[in-house]
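Colleague: Shown below is the structure under consideration.
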Amino acid sequence: MTSIVVVDDHPAVIAGVKAWCQAADPPIDVLDSGPGVSVAWLDPGDRADVVVLDLQLDITGPAYGDLKRLVDAGRQVVVYTMREDRETALTCLDIGAFTYLTKAEGEDHLVAAIHAAASNTPYTPPALSGALGTDTRANRPNLTQRQIDVLLEWFHCESKEMVAQKLNLTVSTVNGYLDRVRVKYANVGREAPTKAALVARAIQDGIVRVDEL
């Protein structure tokens with residue numbers, strides 16, 4: 001069973017997320033919850049597959065530092081917030097959040113995002129799709145056509161072995177292309193350590209559209 005820890009300072013939100021997770025198919029186990037990010041670092045929250053993180057935990061602004069520490073520790077983080085502005089969403093993706101949802105998007109999208117994060121399957125809810133579609137920032141890496149071909153094929157395949165077979169390459173060559181793509185993104189300050197993150201970067205940069213995935 002997929003497990004989560006919920007970091008949110010609104011009891012009503014936590015109660016709602018717990019109810020949605022219990023009713024989900026398959027159900028989601030809420031290991032712990034609380035108003036501060038420490039709940040994600042302490043037992044049993046430190047064992048959760050996914051961290052559901054409210055970005056606005058106090059009056060000081062978005063909790064980007066907490067998000068980065070979780071991502072750097074290898075945690076899968078679904079940002080779930082009242083903030084709906086594009087820059088906040090894109091910043092969270094650049095830091096390494098698995099995906100970004102507004103609380104207005106509700107039960108169906110949150111449950112789907114949690115299951116996707118647990119299986120490392122890309123998931124782009126409507127608000128994030130809109131933010132990605134209007135991203136006009138200039139810090140885009142210069143990918144070769146072959147790197148783009150491998151990247152797009154990987155988005156549509158279940159394994160790198162399938163990519164290698166379709167493109168008549170070895171698996172090590174496929175890994176090499178993907179590694180170089182990740183290095184190029186890291187060099188422009190937009191790290192993409194996971195497949196989901198690479199999907200987000202590709203959408204941001206116009207390499208692929210959401211409806212093509």
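Each chain in the structure tokens gets a letter, A, B and so on, in the order shown; residues start at 1 in every chain, and ligands are counted from 1 in the order they appear.
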Counting only C-alpha atoms, give me one row per residue of segment 120-203 of chain A with an atom at most 12 Å from an atom of segment 102-109 of chain A, showing the shortest contact pair and its distance in Å to one decimal, sorted by chain then residue number, as a tab-separated table.
Modeller:
```
residue	atom	partner	partner_atom	distance
A:Tyr123	CA	A:His109	CA	9.1
A:Thr124	CA	A:His109	CA	9.1
A:Pro125	CA	A:His109	CA	6.4
A:Pro126	CA	A:Glu105	CA	8.0
A:Ala127	CA	A:Thr102	CA	7.0
A:Leu128	CA	A:Thr102	CA	8.6
A:Ser129	CA	A:Thr102	CA	11.7
A:Gly130	CA	A:Thr102	CA	12.0
A:Ala131	CA	A:Thr102	CA	11.7
```
Colleague: Kindly export the residues of the current selection with C-alpha atoms, as a short mmCIF file (atom, residue, chain, number, x, y, z; two decimals), in the first residue's frame.
Modeller:
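Contents of the output file part-v9.cif:
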```
data_model
loop_
_atom_site.label_atom_id
_atom_site.label_comp_id
_atom_site.auth_asym_id
_atom_site.auth_seq_id
_atom_site.Cartn_x
_atom_site.Cartn_y
_atom_site.Cartn_z
CA TYR A 123 1.53 13.35 -13.53
CA THR A 124 0.58 16.86 -14.59
CA PRO A 125 -2.63 18.29 -13.05
CA PRO A 126 -4.53 21.10 -14.85
CA ALA A 127 -3.09 24.09 -12.98
CA LEU A 128 0.46 22.89 -13.48
CA SER A 129 -0.22 22.19 -17.13
CA GLY A 130 -1.27 25.82 -17.53
CA ALA A 131 1.85 27.05 -15.77
#
```
Colleague: List the neighbours of segment 172-182 of chain A out to 7 Å using only C-alpha atoms; skip same-chain residues closer than 6 positions along the sequence, and give me the result as a PDB file with N, CA and C atoms, in the first residue's frame.
Modeller:
```pdb
ATOM      1  N   LEU A 143      19.743  20.973 -26.333  1.00  0.00           N
ATOM      2  CA  LEU A 143      19.745  19.524 -26.542  1.00  0.00           C
ATOM      3  C   LEU A 143      19.913  19.204 -28.015  1.00  0.00           C
ATOM      4  N   GLN A 147      19.380  13.478 -28.620  1.00  0.00           N
ATOM      5  CA  GLN A 147      19.014  13.493 -27.205  1.00  0.00           C
ATOM      6  C   GLN A 147      17.509  13.675 -27.042  1.00  0.00           C
ATOM      7  N   VAL A 150      15.685  10.353 -27.946  1.00  0.00           N
ATOM      8  CA  VAL A 150      15.765   9.362 -26.866  1.00  0.00           C
ATOM      9  C   VAL A 150      14.847   9.769 -25.718  1.00  0.00           C
ATOM     10  N   LEU A 151      14.866  11.056 -25.398  1.00  0.00           N
ATOM     11  CA  LEU A 151      14.037  11.554 -24.307  1.00  0.00           C
ATOM     12  C   LEU A 151      12.560  11.296 -24.580  1.00  0.00           C
ATOM     13  N   LYS A 160      13.991   1.432 -20.245  1.00  0.00           N
ATOM     14  CA  LYS A 160      15.068   1.858 -21.141  1.00  0.00           C
ATOM     15  C   LYS A 160      15.405   0.754 -22.135  1.00  0.00           C
ATOM     16  N   ALA A 164      15.847   1.280 -26.128  1.00  0.00           N
ATOM     17  CA  ALA A 164      16.999   0.784 -26.875  1.00  0.00           C
ATOM     18  C   ALA A 164      16.568  -0.053 -28.073  1.00  0.00           C
ATOM     19  N   GLU A 191      17.731  21.171 -12.255  1.00  0.00           N
ATOM     20  CA  GLU A 191      18.013  19.755 -12.115  1.00  0.00           C
ATOM     21  C   GLU A 191      16.778  18.900 -12.403  1.00  0.00           C
ATOM     22  N   ALA A 192      17.006  17.723 -12.982  1.00  0.00           N
ATOM     23  CA  ALA A 192      15.918  16.804 -13.331  1.00  0.00           C
ATOM     24  C   ALA A 192      16.357  15.387 -12.999  1.00  0.00           C
ATOM     25  N   PRO A 193      16.378  15.030 -11.722  1.00  0.00           N
ATOM     26  CA  PRO A 193      16.923  13.731 -11.316  1.00  0.00           C
ATOM     27  C   PRO A 193      16.026  12.544 -11.613  1.00  0.00           C
TER      28      PRO A 193
END
```
Colleague: One decimal, in Å: what's the spacing between atom CA of Asp29 of chain A and atom CA of Ala200 of chain A?
Modeller: 26.9 Å
Colleague: Which is closer to His115 of chain A than all the others in A:Val13, A:Leu90, A:Ala73, A:Val50, using only C-alpha atoms?
Modeller: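 Going through A:Val13, A:Leu90, A:Ala73, A:Val50 one by one, the smallest distance to His115 of chain A is for A:Val50.
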Colleague: Using only C-alpha atoms, which residue out of A:Pro141, A:Ala24, A:Asp9, A:Gly74 lies closest to Leu53 of chain A?
Modeller: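 The closest residue to Leu53 of chain A is A:Asp9.
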Colleague: Give me, as number ranges by chain, all polymer residues having an atom no more than 8 Å from Pro27 of chain A, counting only C-alpha atoms and skipping those fewer than 5 positions away in the same chain.
Modeller: A: 1-2, 21-22
Colleague: Filtering to N, CA and C atoms, could you give me those residues as an mmCIF file, in the first residue's frame?
Modeller:
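Output file part-v4.cif follows:
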```cif
data_model
loop_
_atom_site.group_PDB
_atom_site.id
_atom_site.type_symbol
_atom_site.label_atom_id
_atom_site.label_comp_id
_atom_site.auth_asym_id
_atom_site.auth_seq_id
_atom_site.Cartn_x
_atom_site.Cartn_y
_atom_site.Cartn_z
ATOM 1 N N MET A 1 0.845 -1.196 0.000
ATOM 2 C CA MET A 1 0.000 0.000 0.000
ATOM 3 C C MET A 1 0.881 1.246 0.000
ATOM 4 N N THR A 2 0.527 2.220 -0.838
ATOM 5 C CA THR A 2 1.229 3.495 -0.853
ATOM 6 C C THR A 2 1.014 4.224 0.463
ATOM 7 N N CYS A 21 -7.840 9.611 1.117
ATOM 8 C CA CYS A 21 -6.894 8.507 1.010
ATOM 9 C C CYS A 21 -7.520 7.187 1.438
ATOM 10 N N GLN A 22 -8.346 7.241 2.466
ATOM 11 C CA GLN A 22 -9.024 6.033 2.937
ATOM 12 C C GLN A 22 -9.994 5.506 1.882
#
```
Colleague: Determine which residues of segment 4-182 of chain A DSSP labels as strand (DSSP E) from the backbone of this structure, then write them out as a list of chain:residue names.
Modeller: A:Ile4, A:Val5, A:Val6, A:Val7, A:Asp29, A:Val30, A:Leu31, A:Asp32, A:Ser33, A:Gly34, A:Val50, A:Val51, A:Val52, A:Leu53, A:Gln76, A:Val77, A:Val78, A:Val79, A:Tyr80, A:Thr81, A:Thr99, A:Tyr100, A:Leu101, A:Thr102
Colleague: Residues within 10 Å of His10 of chain A, please, as a VMD selection string. Count only C-alpha atoms; anything in the same chain fewer than 5 positions from it doesn't count.
Modeller: chain A and resid 15 34 to 35 54 57
Colleague: Include C-alpha atoms and write out the residues we just selected as a compact mmCIF listing (two decimals), in the first residue's frame.
Modeller:
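File written: again_35.txt
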```
# COMPACT_ATOMS: atom_id res chain seq x y z
CA ALA A 15 -8.93 15.57 7.77
CA GLY A 34 1.20 17.67 11.33
CA PRO A 35 1.65 21.41 10.92
CA ASP A 54 1.61 22.58 2.06
CA LEU A 57 3.24 26.87 6.52
```
Colleague: Just the residues within 10 Å of Ala89 of chain A, please, counting only C-alpha atoms, with nothing from its chain fewer than 5 positions along; format it as a count of residues only.
Modeller: 14
